[in-house]
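To be precise, the following lines are protein20.cif, and they hold mmCIF, C-alpha atoms and all ligand atoms.
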```cif
data_run
#
loop_
_atom_site.group_PDB
_atom_site.id
_atom_site.type_symbol
_atom_site.label_atom_id
_atom_site.label_comp_id
_atom_site.auth_asym_id
_atom_site.auth_seq_id
_atom_site.Cartn_x
_atom_site.Cartn_y
_atom_site.Cartn_z
ATOM 1 C CA MET A 8 115.945 -30.240 -17.943
ATOM 2 C CA LYS A 9 118.170 -31.747 -15.249
ATOM 3 C CA ILE A 10 119.546 -28.855 -13.216
ATOM 4 C CA PHE A 11 122.502 -28.814 -10.856
ATOM 5 C CA ALA A 12 121.970 -26.051 -8.279
ATOM 6 C CA ALA A 13 124.278 -24.817 -5.541
ATOM 7 C CA ASP A 14 123.767 -22.195 -2.841
ATOM 8 C CA ILE A 15 127.143 -20.879 -1.657
ATOM 9 C CA GLY A 16 126.988 -19.315 1.798
ATOM 10 C CA GLY A 17 129.634 -18.308 4.315
ATOM 11 C CA THR A 18 129.168 -21.519 6.345
ATOM 12 C CA SER A 19 127.965 -24.186 3.939
ATOM 13 C CA ILE A 20 127.396 -24.959 0.281
ATOM 14 C CA LYS A 21 124.017 -26.588 -0.319
ATOM 15 C CA ILE A 22 123.781 -28.682 -3.445
ATOM 16 C CA CYS A 23 120.914 -30.321 -5.268
ATOM 17 C CA VAL A 24 120.188 -32.011 -8.565
ATOM 18 C CA THR A 25 116.754 -32.056 -10.169
ATOM 19 C CA ASP A 26 114.966 -34.474 -12.481
ATOM 20 C CA GLU A 27 113.683 -33.456 -15.951
ATOM 21 C CA ASN A 28 110.740 -31.629 -14.338
ATOM 22 C CA GLY A 29 112.820 -29.565 -11.947
ATOM 23 C CA ASN A 30 111.936 -31.649 -8.859
ATOM 24 C CA ILE A 31 114.799 -32.096 -6.407
ATOM 25 C CA VAL A 32 115.979 -35.716 -6.452
ATOM 26 C CA PHE A 33 119.240 -35.304 -4.555
ATOM 27 C CA PHE A 34 120.442 -32.924 -1.847
ATOM 28 C CA LYS A 35 123.635 -32.564 0.137
ATOM 29 C CA GLU A 36 125.453 -29.939 2.153
ATOM 30 C CA VAL A 37 129.210 -29.450 2.500
ATOM 31 C CA GLU A 38 131.269 -26.980 4.500
ATOM 32 C CA THR A 39 132.257 -23.871 2.562
ATOM 33 C CA GLU A 40 135.544 -23.420 4.447
ATOM 34 C CA SER A 41 135.130 -19.810 3.391
ATOM 35 C CA LYS A 42 138.347 -18.563 5.003
ATOM 36 C CA LYS A 43 140.324 -20.551 2.422
ATOM 37 C CA GLY A 44 138.991 -18.007 -0.044
ATOM 38 C CA GLY A 45 137.234 -17.742 -3.383
ATOM 39 C CA PRO A 46 139.635 -19.854 -5.521
ATOM 40 C CA SER A 47 139.407 -22.767 -3.071
ATOM 41 C CA ILE A 48 135.598 -22.589 -2.977
ATOM 42 C CA PHE A 49 135.422 -22.450 -6.755
ATOM 43 C CA LYS A 50 137.645 -25.526 -7.079
ATOM 44 C CA LYS A 51 135.438 -27.363 -4.579
ATOM 45 C CA LEU A 52 132.365 -26.405 -6.611
ATOM 46 C CA GLU A 53 133.936 -27.633 -9.867
ATOM 47 C CA ASP A 54 134.875 -30.953 -8.234
ATOM 48 C CA ILE A 55 131.311 -31.477 -7.008
ATOM 49 C CA ILE A 56 129.733 -30.585 -10.368
ATOM 50 C CA SER A 57 132.088 -33.094 -12.063
ATOM 51 C CA GLU A 58 130.302 -35.845 -10.109
ATOM 52 C CA TYR A 59 127.107 -35.184 -12.138
ATOM 53 C CA PRO A 60 127.989 -35.496 -15.846
ATOM 54 C CA GLU A 61 124.339 -35.972 -16.913
ATOM 55 C CA ILE A 62 123.145 -32.439 -16.017
ATOM 56 C CA ASP A 63 121.740 -29.995 -18.628
ATOM 57 C CA ALA A 64 122.164 -26.691 -16.771
ATOM 58 C CA ILE A 65 123.830 -25.152 -13.713
ATOM 59 C CA SER A 66 122.335 -22.594 -11.296
ATOM 60 C CA ILE A 67 124.397 -20.872 -8.648
ATOM 61 C CA SER A 68 123.057 -18.832 -5.746
ATOM 62 C CA THR A 69 125.889 -17.166 -3.893
ATOM 63 C CA ALA A 70 126.814 -14.756 -1.121
ATOM 64 C CA GLY A 71 128.153 -11.419 -2.361
ATOM 65 C CA GLN A 72 126.918 -8.805 -4.791
ATOM 66 C CA VAL A 73 126.357 -10.475 -8.149
ATOM 67 C CA ASN A 74 126.181 -9.236 -11.721
ATOM 68 C CA SER A 75 123.528 -11.732 -12.779
ATOM 69 C CA GLU A 76 123.675 -10.816 -16.490
ATOM 70 C CA GLU A 77 127.344 -11.705 -16.771
ATOM 71 C CA GLY A 78 127.427 -14.080 -13.807
ATOM 72 C CA TYR A 79 130.315 -12.710 -11.793
ATOM 73 C CA ILE A 80 130.913 -11.470 -8.245
ATOM 74 C CA ILE A 81 130.873 -7.660 -8.146
ATOM 75 C CA TYR A 82 131.889 -7.579 -4.486
ATOM 76 C CA ALA A 83 132.249 -10.017 -1.595
ATOM 77 C CA ASN A 84 133.246 -8.969 1.899
ATOM 78 C CA ASP A 85 135.928 -10.538 4.093
ATOM 79 C CA ASN A 86 133.702 -13.503 4.979
ATOM 80 C CA ILE A 87 134.938 -14.987 1.670
ATOM 81 C CA PRO A 88 138.380 -13.524 0.886
ATOM 82 C CA ASN A 89 139.483 -13.215 -2.770
ATOM 83 C CA TYR A 90 136.003 -13.960 -4.079
ATOM 84 C CA THR A 91 135.367 -10.495 -5.592
ATOM 85 C CA GLY A 92 135.661 -10.628 -9.379
ATOM 86 C CA THR A 93 135.168 -14.416 -9.707
ATOM 87 C CA ARG A 94 133.649 -15.045 -13.149
ATOM 88 C CA ILE A 95 131.450 -17.982 -12.195
ATOM 89 C CA LYS A 96 129.303 -18.157 -15.354
ATOM 90 C CA ASP A 97 132.147 -17.901 -17.901
ATOM 91 C CA ARG A 98 134.337 -20.415 -16.122
ATOM 92 C CA LEU A 99 131.654 -23.036 -15.477
ATOM 93 C CA GLU A 100 130.218 -22.725 -19.007
ATOM 94 C CA THR A 101 133.685 -23.229 -20.493
ATOM 95 C CA LYS A 102 134.435 -26.229 -18.309
ATOM 96 C CA PHE A 103 131.066 -28.029 -18.372
ATOM 97 C CA ASN A 104 129.588 -26.805 -21.669
ATOM 98 C CA VAL A 105 126.090 -26.195 -20.249
ATOM 99 C CA HIS A 106 124.095 -23.010 -19.656
ATOM 100 C CA VAL A 107 124.957 -21.372 -16.288
ATOM 101 C CA LYS A 108 122.955 -18.794 -14.300
ATOM 102 C CA VAL A 109 124.201 -16.952 -11.224
ATOM 103 C CA GLU A 110 122.230 -14.954 -8.682
ATOM 104 C CA ASN A 111 122.833 -13.292 -5.318
ATOM 105 C CA ASP A 112 121.693 -15.587 -2.488
ATOM 106 C CA VAL A 113 119.076 -13.266 -1.015
ATOM 107 C CA ASN A 114 117.597 -12.556 -4.455
ATOM 108 C CA ALA A 115 117.597 -16.299 -5.130
ATOM 109 C CA ALA A 116 115.820 -16.993 -1.830
ATOM 110 C CA ALA A 117 113.172 -14.396 -2.735
ATOM 111 C CA LEU A 118 112.678 -16.121 -6.105
ATOM 112 C CA GLY A 119 112.405 -19.464 -4.299
ATOM 113 C CA GLU A 120 109.554 -18.058 -2.218
ATOM 114 C CA LYS A 121 108.019 -16.422 -5.306
ATOM 115 C CA PHE A 122 107.880 -19.536 -7.488
ATOM 116 C CA TYR A 123 107.545 -22.346 -4.945
ATOM 117 C CA GLY A 124 106.796 -20.896 -1.522
ATOM 118 C CA VAL A 125 104.805 -18.437 0.516
ATOM 119 C CA GLY A 126 105.292 -15.640 -2.068
ATOM 120 C CA LYS A 127 103.505 -17.598 -4.792
ATOM 121 C CA GLN A 128 100.233 -15.677 -4.464
ATOM 122 C CA TYR A 129 101.892 -12.229 -4.424
ATOM 123 C CA GLY A 130 103.106 -10.194 -7.402
ATOM 124 C CA ASP A 131 104.899 -7.773 -5.103
ATOM 125 C CA PHE A 132 106.699 -8.441 -1.839
ATOM 126 C CA LEU A 133 109.832 -7.646 0.120
ATOM 127 C CA PHE A 134 112.118 -10.375 1.420
ATOM 128 C CA LEU A 135 114.515 -9.873 4.324
ATOM 129 C CA THR A 136 116.909 -12.388 5.764
ATOM 130 C CA PHE A 137 118.366 -12.087 9.259
ATOM 131 C CA GLY A 138 121.702 -13.620 10.168
ATOM 132 C CA THR A 139 125.241 -12.247 10.368
ATOM 133 C CA GLY A 140 123.801 -9.187 8.643
ATOM 134 C CA ILE A 141 120.463 -8.299 7.062
ATOM 135 C CA GLY A 142 119.923 -9.087 3.390
ATOM 136 C CA GLY A 143 117.074 -7.802 1.281
ATOM 137 C CA ALA A 144 115.324 -8.396 -2.018
ATOM 138 C CA ILE A 145 112.535 -6.522 -3.776
ATOM 139 C CA VAL A 146 109.979 -8.318 -5.957
ATOM 140 C CA ILE A 147 107.760 -6.082 -8.103
ATOM 141 C CA ASP A 148 105.357 -7.443 -10.742
ATOM 142 C CA SER A 149 106.729 -10.935 -10.016
ATOM 143 C CA LYS A 150 110.269 -9.883 -10.968
ATOM 144 C CA LEU A 151 113.319 -8.901 -8.954
ATOM 145 C CA HIS A 152 113.915 -5.184 -8.844
ATOM 146 C CA ARG A 153 117.682 -4.935 -9.291
ATOM 147 C CA GLY A 154 118.342 -1.193 -9.434
ATOM 148 C CA ASP A 155 120.811 0.678 -11.623
ATOM 149 C CA THR A 156 123.919 -1.357 -10.798
ATOM 150 C CA GLY A 157 122.193 -4.601 -9.830
ATOM 151 C CA THR A 158 122.547 -4.218 -6.076
ATOM 152 C CA ALA A 159 119.136 -2.903 -4.966
ATOM 153 C CA GLY A 160 117.789 -4.182 -1.650
ATOM 154 C CA GLU A 161 120.740 -3.608 0.673
ATOM 155 C CA PHE A 162 118.252 -3.038 3.485
ATOM 156 C CA GLY A 163 120.855 -3.910 6.115
ATOM 157 C CA HIS A 164 122.684 -0.671 5.392
ATOM 158 C CA MET A 165 119.783 1.737 5.775
ATOM 159 C CA ASN A 166 120.851 4.429 8.222
ATOM 160 C CA HIS A 167 119.049 3.385 11.400
ATOM 161 C CA TYR A 168 120.852 5.608 13.929
ATOM 162 C CA PRO A 169 122.957 8.556 12.689
ATOM 163 C CA ASN A 170 126.488 8.284 14.139
ATOM 164 C CA GLY A 171 125.656 4.878 15.613
ATOM 165 C CA ILE A 172 127.695 1.677 15.710
ATOM 166 C CA HIS A 173 130.402 1.218 13.039
ATOM 167 C CA CYS A 174 129.406 -1.170 10.270
ATOM 168 C CA GLY A 175 131.499 -3.445 8.055
ATOM 169 C CA CYS A 176 130.424 -1.337 5.050
ATOM 170 C CA GLY A 177 132.441 1.604 6.394
ATOM 171 C CA LYS A 178 129.424 3.666 7.498
ATOM 172 C CA ARG A 179 127.868 4.080 10.934
ATOM 173 C CA GLY A 180 124.499 3.253 12.452
ATOM 174 C CA CYS A 181 123.364 0.753 9.794
ATOM 175 C CA TYR A 182 120.151 -1.232 10.380
ATOM 176 C CA GLU A 183 122.001 -4.558 10.527
ATOM 177 C CA GLN A 184 124.113 -3.326 13.446
ATOM 178 C CA TYR A 185 120.851 -3.292 15.460
ATOM 179 C CA GLY A 186 118.522 -5.770 13.767
ATOM 180 C CA SER A 187 120.724 -8.707 12.690
ATOM 181 C CA THR A 188 121.067 -11.929 14.683
ATOM 182 C CA THR A 189 124.672 -10.879 15.343
ATOM 183 C CA ALA A 190 123.399 -7.689 16.994
ATOM 184 C CA LEU A 191 120.848 -9.661 19.029
ATOM 185 C CA VAL A 192 123.513 -12.030 20.361
ATOM 186 C CA ARG A 193 125.861 -9.109 21.101
ATOM 187 C CA GLU A 194 123.185 -7.525 23.316
ATOM 188 C CA ALA A 195 122.201 -10.875 24.868
ATOM 189 C CA LYS A 196 125.804 -11.499 25.954
ATOM 190 C CA LYS A 197 125.704 -8.288 27.992
ATOM 191 C CA VAL A 198 123.044 -9.784 30.283
ATOM 192 C CA ASN A 199 124.060 -13.446 29.971
ATOM 193 C CA PRO A 200 127.643 -14.116 28.776
ATOM 194 C CA ASN A 201 126.759 -17.810 28.267
ATOM 195 C CA CYS A 202 124.509 -16.934 25.354
ATOM 196 C CA THR A 203 126.501 -17.345 22.145
ATOM 197 C CA ASN A 204 123.969 -17.830 19.336
ATOM 198 C CA GLY A 205 120.363 -17.176 18.355
ATOM 199 C CA ARG A 206 119.106 -20.727 18.780
ATOM 200 C CA GLN A 207 120.528 -20.927 22.289
ATOM 201 C CA LEU A 208 119.021 -17.540 23.133
ATOM 202 C CA LEU A 209 115.535 -18.721 22.153
ATOM 203 C CA GLU A 210 115.992 -21.905 24.198
ATOM 204 C CA MET A 211 117.023 -19.852 27.236
ATOM 205 C CA ILE A 212 113.973 -17.608 26.804
ATOM 206 C CA GLN A 213 111.696 -20.642 26.539
ATOM 207 C CA GLY A 214 113.408 -21.869 29.724
ATOM 208 C CA GLY A 215 112.160 -18.723 31.496
ATOM 209 C CA ASP A 216 115.057 -16.225 31.261
ATOM 210 C CA LYS A 217 113.135 -12.946 31.588
ATOM 211 C CA ARG A 218 116.135 -10.638 31.101
ATOM 212 C CA LEU A 219 116.979 -12.322 27.826
ATOM 213 C CA PHE A 220 113.355 -12.006 26.761
ATOM 214 C CA GLU A 221 113.604 -8.238 27.331
ATOM 215 C CA VAL A 222 116.691 -8.123 25.102
ATOM 216 C CA PHE A 223 114.842 -10.155 22.470
ATOM 217 C CA ASP A 224 111.760 -7.949 22.712
ATOM 218 C CA THR A 225 113.872 -4.803 22.236
ATOM 219 C CA TRP A 226 115.593 -6.438 19.256
ATOM 220 C CA THR A 227 112.254 -7.252 17.585
ATOM 221 C CA ASN A 228 111.418 -3.561 17.902
ATOM 222 C CA GLU A 229 114.645 -2.595 16.093
ATOM 223 C CA VAL A 230 113.778 -5.116 13.380
ATOM 224 C CA ALA A 231 110.237 -3.751 13.128
ATOM 225 C CA ILE A 232 111.306 -0.105 12.778
ATOM 226 C CA GLY A 233 113.332 -0.993 9.666
ATOM 227 C CA ILE A 234 110.525 -3.046 8.162
ATOM 228 C CA ALA A 235 107.998 -0.266 8.878
ATOM 229 C CA SER A 236 110.116 2.214 6.884
ATOM 230 C CA LEU A 237 110.266 -0.226 3.972
ATOM 231 C CA ILE A 238 106.487 -0.714 4.093
ATOM 232 C CA HIS A 239 105.975 3.045 3.906
ATOM 233 C CA ILE A 240 108.230 3.180 0.832
ATOM 234 C CA PHE A 241 107.064 0.095 -1.090
ATOM 235 C CA ASN A 242 103.494 -0.476 0.165
ATOM 236 C CA PRO A 243 103.832 -4.254 -0.355
ATOM 237 C CA PRO A 244 101.004 -6.699 0.423
ATOM 238 C CA CYS A 245 103.466 -8.821 2.347
ATOM 239 C CA VAL A 246 106.981 -8.948 3.772
ATOM 240 C CA ILE A 247 108.666 -12.364 4.031
ATOM 241 C CA LEU A 248 111.272 -12.910 6.734
ATOM 242 C CA GLY A 249 114.004 -15.543 6.509
ATOM 243 C CA GLY A 250 117.041 -16.641 8.513
ATOM 244 C CA GLY A 251 117.259 -19.132 11.389
ATOM 245 C CA ILE A 252 116.019 -16.716 14.051
ATOM 246 C CA MET A 253 112.816 -16.089 12.044
ATOM 247 C CA GLU A 254 111.952 -19.791 11.861
ATOM 248 C CA GLN A 255 110.511 -19.405 15.365
ATOM 249 C CA ASP A 256 106.851 -18.393 15.441
ATOM 250 C CA MET A 257 107.592 -16.170 18.470
ATOM 251 C CA SER A 258 109.947 -14.034 16.338
ATOM 252 C CA ILE A 259 107.429 -13.519 13.556
ATOM 253 C CA LYS A 260 104.611 -12.799 16.021
ATOM 254 C CA LEU A 261 106.543 -10.144 17.966
ATOM 255 C CA VAL A 262 107.990 -8.495 14.856
ATOM 256 C CA SER A 263 104.562 -8.425 13.193
ATOM 257 C CA GLU A 264 102.915 -6.854 16.260
ATOM 258 C CA LYS A 265 105.579 -4.166 16.450
ATOM 259 C CA VAL A 266 105.543 -3.457 12.711
ATOM 260 C CA HIS A 267 101.830 -2.775 12.996
ATOM 261 C CA GLN A 268 102.495 -0.360 15.862
ATOM 262 C CA HIS A 269 104.976 1.579 13.712
ATOM 263 C CA ILE A 270 103.081 1.845 10.420
ATOM 264 C CA MET A 271 100.326 4.241 9.417
ATOM 265 C CA ASP A 272 96.797 2.799 9.493
ATOM 266 C CA SER A 273 96.529 2.901 5.708
ATOM 267 C CA TYR A 274 99.198 0.172 5.487
ATOM 268 C CA SER A 275 97.709 -2.097 8.129
ATOM 269 C CA ASP A 276 96.676 -4.888 5.726
ATOM 270 C CA VAL A 277 100.337 -5.810 5.157
ATOM 271 C CA LYS A 278 101.229 -9.353 6.215
ATOM 272 C CA ILE A 279 104.488 -10.374 7.876
ATOM 273 C CA LEU A 280 105.186 -13.968 6.851
ATOM 274 C CA LYS A 281 107.771 -16.594 7.659
ATOM 275 C CA SER A 282 109.899 -17.938 4.801
ATOM 276 C CA GLN A 283 108.487 -21.322 3.750
ATOM 277 C CA PHE A 284 111.778 -22.927 2.836
ATOM 278 C CA GLY A 285 114.097 -21.450 5.464
ATOM 279 C CA ASN A 286 117.698 -21.980 4.446
ATOM 280 C CA LYS A 287 116.741 -23.988 1.335
ATOM 281 C CA ALA A 288 114.911 -21.058 -0.304
ATOM 282 C CA GLY A 289 118.097 -20.078 -2.170
ATOM 283 C CA LEU A 290 118.327 -23.499 -3.795
ATOM 284 C CA TYR A 291 114.705 -23.357 -4.938
ATOM 285 C CA GLY A 292 115.363 -19.879 -6.306
ATOM 286 C CA ALA A 293 118.462 -21.109 -8.134
ATOM 287 C CA ILE A 294 116.377 -23.822 -9.802
ATOM 288 C CA SER A 295 113.769 -21.239 -10.802
ATOM 289 C CA LEU A 296 116.426 -19.286 -12.759
ATOM 290 C CA HIS A 297 116.303 -21.971 -15.451
ATOM 291 C CA LYS A 298 112.662 -22.974 -15.076
ATOM 292 C CA PHE A 299 111.000 -19.559 -15.109
ATOM 293 C CA SER A 300 113.300 -17.219 -17.031
HETATM 294 ZN ZN ZN B 1 126.529 -0.813 6.789
#
```

Output the file's structure in the form of structure tokens.
Ligand SMILES: [Zn+2]
Amino acid sequence: MKIFAADIGGTSIKICVTDENGNIVFFKEVETESKKGGPSIFKKLEDIISEYPEIDAISISTAGQVNSEEGYIIYANDNIPNYTGTRIKDRLETKFNVHVKVENDVNAAALGEKFYGVGKQYGDFLFLTFGTGIGGAIVIDSKLHRGDTGTAGEFGHMNHYPNGIHCGCGKRGCYEQYGSTTALVREAKKVNPNCTNGRQLLEMIQGGDKRLFEVFDTWTNEVAIGIASLIHIFNPPCVILGGGIMEQDMSIKLVSEKVHQHIMDSYSDVKILKSQFGNKAGLYGAISLHKFS
């Protein structure tokens, strides 16, 4: 089955096409231009798919809360205006006359790790991705745990500090206000206003900036506290961490050390692993929707 897969994020849309066996034979990345809104993104997606008339199926991994049964966007925040309610599956199936599957991007990334990556050997694991916010996915018995309304795994909105910093969700003190890359950069700017993103921060630390290292070290502790709570709840054999900031071995090492300081001894076998596919995990997961379900 030749599959067209797309991973729609706030910054870019990653696209690939597979051969009959599901191996990626073509990959490209285009800007999402997310501020133009959902209808514009959908039109762009349709135009790209039209370039591949020989495909047998379409898989979409996308930002936002997704009803994967019916293939529509339950809710998308202001990063992609007017995207909520977009009926991706119905519209693409009508236009292209092939089977379409749609999944939330973090869930898709977890499936990518499960079927092709570092999660392959585990029936159960948790997946967290660190970026603008913190996304989460729960894999139990080799399947996604979706919850009652399909939105389980919103780890970024666990209450981390009662009455803490306001969050985009309308609540206060959410985990992602302290553990996301956005939160890390916010704190880094207080000691070095020249630091504007995670990659730059890590370069400055490697260049010997001790004050920024302290900020980073404190941030890894915030990250670890959240993960430790999840380990106590789910008792997983491993937790996989994704997002650009976690591609650095230093991040995984520090987070892992601190997680082990915060968990009870009976959980100490848990492994903290780096995502194998980084920002392509969602595409692999999108492909798996047709190959393994
Ligand atoms: Zn929140």

Output of the PyMOL selection byres (((chain A and resi 195) around 10) and not hetatm), listed as an MDAnalysis selection string: chainID A and resid 189:194 196:205 208 218:223 226

Of the listed residues A:Gly177, A:Gly45, A:Gly251, A:Pro244, that which approaches A:Ile15 most closely, counting all atoms listed in the file: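 Nearest candidate to A:Ile15 out of A:Gly177, A:Gly45, A:Gly251, A:Pro244: A:Gly45.
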
Protein and nucleic residues near ligand ZN 1 (chain B), 10 Å, all atoms listed in the file, as a list in words: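 Using all atoms listed in the file, everything at most 10 Å from ligand ZN 1 (chain B) comes to Gly140, Ile141, Glu161, Phe162, Gly163, His164, Met165, Asn166, His167, Ile172, His173, Cys174, Gly175, Cys176, Gly177, Lys178, Arg179, Gly180, Cys181, Tyr182, Glu183 and Gln184 of chain A.
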
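For the choices A:Val24, A:Ala83, A:Val107, A:His152, the atom-to-atom distance to A:Glu58 is smallest for A:Val24 when using only C-alpha atoms.
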
Among the residues A:Val37, A:Leu248, A:Ile22, A:Ile270, the one that comes closest to A:Glu120 [using all atoms listed in the file]: A:Leu248

Counting only C-alpha atoms, the option among A:Leu118, A:Ala144, A:Ile87, A:Val73 closest to A:Lys298: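 Nearest to A:Lys298: A:Leu118.
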
d(atom CA of A:Ile147, atom CA of A:Gly78) in Å: 22.0 Å

Closest pair table for stretch 87-169 of chain A residues within 6 Å of stretch 286-291 of chain A, all atoms listed in the file, as a Markdown table:
```
| residue | atom | partner | partner_atom | distance |
| --- | --- | --- | --- | --- |
| A:Asp112 | CA | A:Gly289 | CA | 5.8 |
| A:Ala115 | CA | A:Gly289 | CA | 4.8 |
| A:Ala116 | CA | A:Gly289 | CA | 3.8 |
| A:Gly119 | CA | A:Tyr291 | CA | 4.6 |
```

Polymer residues at most 10 Å from (109.4, -1.1, 2.7) by all atoms listed in the file, as a list in words: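 The distance filter leaves exactly Phe132, Leu133, Phe134, Ile145, Gly160, Phe162, Gly233, Ile234, Ala235, Ser236, Leu237, Ile238, His239, Ile240, Phe241, Asn242, Pro243, Cys245 and Val246 of chain A.
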
Can you spit out the residues from that selection as an mmCIF file, in the coordinates of the input, using C-alpha atoms?
```cif
data_model
loop_
_atom_site.group_PDB
_atom_site.id
_atom_site.type_symbol
_atom_site.label_atom_id
_atom_site.label_comp_id
_atom_site.auth_asym_id
_atom_site.auth_seq_id
_atom_site.Cartn_x
_atom_site.Cartn_y
_atom_site.Cartn_z
ATOM 1 C CA PHE A 132 106.699 -8.441 -1.839
ATOM 2 C CA LEU A 133 109.832 -7.646 0.120
ATOM 3 C CA PHE A 134 112.118 -10.375 1.420
ATOM 4 C CA ILE A 145 112.535 -6.522 -3.776
ATOM 5 C CA GLY A 160 117.789 -4.182 -1.650
ATOM 6 C CA PHE A 162 118.252 -3.038 3.485
ATOM 7 C CA GLY A 233 113.332 -0.993 9.666
ATOM 8 C CA ILE A 234 110.525 -3.046 8.162
ATOM 9 C CA ALA A 235 107.998 -0.266 8.878
ATOM 10 C CA SER A 236 110.116 2.214 6.884
ATOM 11 C CA LEU A 237 110.266 -0.226 3.972
ATOM 12 C CA ILE A 238 106.487 -0.714 4.093
ATOM 13 C CA HIS A 239 105.975 3.045 3.906
ATOM 14 C CA ILE A 240 108.230 3.180 0.832
ATOM 15 C CA PHE A 241 107.064 0.095 -1.090
ATOM 16 C CA ASN A 242 103.494 -0.476 0.165
ATOM 17 C CA PRO A 243 103.832 -4.254 -0.355
ATOM 18 C CA CYS A 245 103.466 -8.821 2.347
ATOM 19 C CA VAL A 246 106.981 -8.948 3.772
#
```

Neighbourhood query: residues within 9 Å of (109.5, -10.2, -11.5), file coordinates, counting all atoms listed in the file; return as a compact mmCIF listing (two decimals) with C-alpha atoms, keeping the file's coordinate frame.
```txt
# COMPACT_ATOMS: atom_id res chain seq x y z
CA LEU A 118 112.68 -16.12 -6.10
CA LYS A 121 108.02 -16.42 -5.31
CA GLY A 130 103.11 -10.19 -7.40
CA ASP A 131 104.90 -7.77 -5.10
CA VAL A 146 109.98 -8.32 -5.96
CA ILE A 147 107.76 -6.08 -8.10
CA ASP A 148 105.36 -7.44 -10.74
CA SER A 149 106.73 -10.94 -10.02
CA LYS A 150 110.27 -9.88 -10.97
CA LEU A 151 113.32 -8.90 -8.95
CA HIS A 152 113.92 -5.18 -8.84
```

Non-local contacts of A:Lys96 (7 Å; only C-alpha atoms; under 3 positions in same chain excluded) as a list in words: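 In the requested format, the answer is Glu77, Gly78, Tyr79, Leu99, Glu100, Val107, Lys108 and Val109 of chain A.
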
Selection dump of the PyMOL selection byres (((chain A and resi 106) around 12) and not hetatm), as a PyMOL selection string: chain A and resi 8-12+62-67+78+95-105+107-109+296-297

Best match for closeness to A:Tyr90 among A:Ala70, A:Ile232, A:Ile20, A:Ile56, counting all atoms listed in the file: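 The closest residue to A:Tyr90 is A:Ala70.
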
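Note on the selection: in this file the PyMOL selection byres (((chain A and resi 35) around 8) and not hetatm) comes out as Lys21, Ile22, Cys23, Phe33, Phe34, Glu36 and Val37 of chain A.
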
Of the listed residues A:Tyr82, A:Asn74, A:Gly171, A:Ser187, that which approaches A:Asp155 most closely, counting only C-alpha atoms: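 Nearest to A:Asp155: A:Asn74.
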
Atomic distance atom CA of A:Lys278 - atom CA of A:Leu209, expressed in Å with one decimal: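 Spanning atom CA of A:Lys278 to atom CA of A:Leu209 is a straight-line distance of 23.4 Å.
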
Atom pair atom CA of A:Asp272 / atom CA of A:Met257: separation (Å):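 Separation between atom CA of A:Asp272 and atom CA of A:Met257: 23.6 Å.
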
Name the residues in contact with A:Thr136 at a cut-off of 7 Å, using all atoms listed in the file, excluding same-chain residues fewer than 6 positions from it; report them as a CSV table (one decimal) with C-alpha atoms, in the frame of the given file.
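The resulting file, result.csv, is reproduced below:
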```csv
chain,number,residue,atom,x,y,z
A,142,GLY,CA,119.9,-9.1,3.4
A,143,GLY,CA,117.1,-7.8,1.3
A,248,LEU,CA,111.3,-12.9,6.7
A,249,GLY,CA,114.0,-15.5,6.5
A,250,GLY,CA,117.0,-16.6,8.5
```

Rebuild stretch 250-257 of chain A to N, CA, C and O atoms - output it as a PDB file, keeping the file's coordinate frame, please.
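Done, and the output landed in selection.pdb:
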```pdb
ATOM      1  N   GLY A 250     115.929 -16.553   7.556  1.00  0.00           N
ATOM      2  CA  GLY A 250     117.041 -16.641   8.513  1.00  0.00           C
ATOM      3  C   GLY A 250     116.614 -17.467   9.706  1.00  0.00           C
ATOM      4  O   GLY A 250     115.423 -17.470  10.077  1.00  0.00           O
ATOM      5  N   GLY A 251     117.566 -18.188  10.315  1.00  0.00           N
ATOM      6  CA  GLY A 251     117.259 -19.132  11.389  1.00  0.00           C
ATOM      7  C   GLY A 251     116.421 -18.550  12.505  1.00  0.00           C
ATOM      8  O   GLY A 251     115.449 -19.173  12.965  1.00  0.00           O
ATOM      9  N   ILE A 252     116.715 -17.322  12.908  1.00  0.00           N
ATOM     10  CA  ILE A 252     116.019 -16.716  14.051  1.00  0.00           C
ATOM     11  C   ILE A 252     114.533 -16.504  13.728  1.00  0.00           C
ATOM     12  O   ILE A 252     113.683 -16.498  14.630  1.00  0.00           O
ATOM     13  N   MET A 253     114.210 -16.335  12.444  1.00  0.00           N
ATOM     14  CA  MET A 253     112.816 -16.089  12.044  1.00  0.00           C
ATOM     15  C   MET A 253     112.031 -17.384  11.832  1.00  0.00           C
ATOM     16  O   MET A 253     110.850 -17.344  11.502  1.00  0.00           O
ATOM     17  N   GLU A 254     112.687 -18.532  11.980  1.00  0.00           N
ATOM     18  CA  GLU A 254     111.952 -19.791  11.861  1.00  0.00           C
ATOM     19  C   GLU A 254     111.062 -20.028  13.076  1.00  0.00           C
ATOM     20  O   GLU A 254     110.176 -20.878  13.064  1.00  0.00           O
ATOM     21  N   GLN A 255     111.328 -19.287  14.154  1.00  0.00           N
ATOM     22  CA  GLN A 255     110.511 -19.405  15.365  1.00  0.00           C
ATOM     23  C   GLN A 255     109.257 -18.550  15.247  1.00  0.00           C
ATOM     24  O   GLN A 255     109.348 -17.364  14.909  1.00  0.00           O
ATOM     25  N   ASP A 256     108.108 -19.145  15.535  1.00  0.00           N
ATOM     26  CA  ASP A 256     106.851 -18.393  15.441  1.00  0.00           C
ATOM     27  C   ASP A 256     106.851 -17.170  16.363  1.00  0.00           C
ATOM     28  O   ASP A 256     106.266 -16.135  16.039  1.00  0.00           O
ATOM     29  N   MET A 257     107.537 -17.297  17.521  1.00  0.00           N
ATOM     30  CA  MET A 257     107.592 -16.170  18.470  1.00  0.00           C
ATOM     31  C   MET A 257     108.231 -14.940  17.808  1.00  0.00           C
ATOM     32  O   MET A 257     107.798 -13.801  18.037  1.00  0.00           O
TER      33      MET A 257
END
```
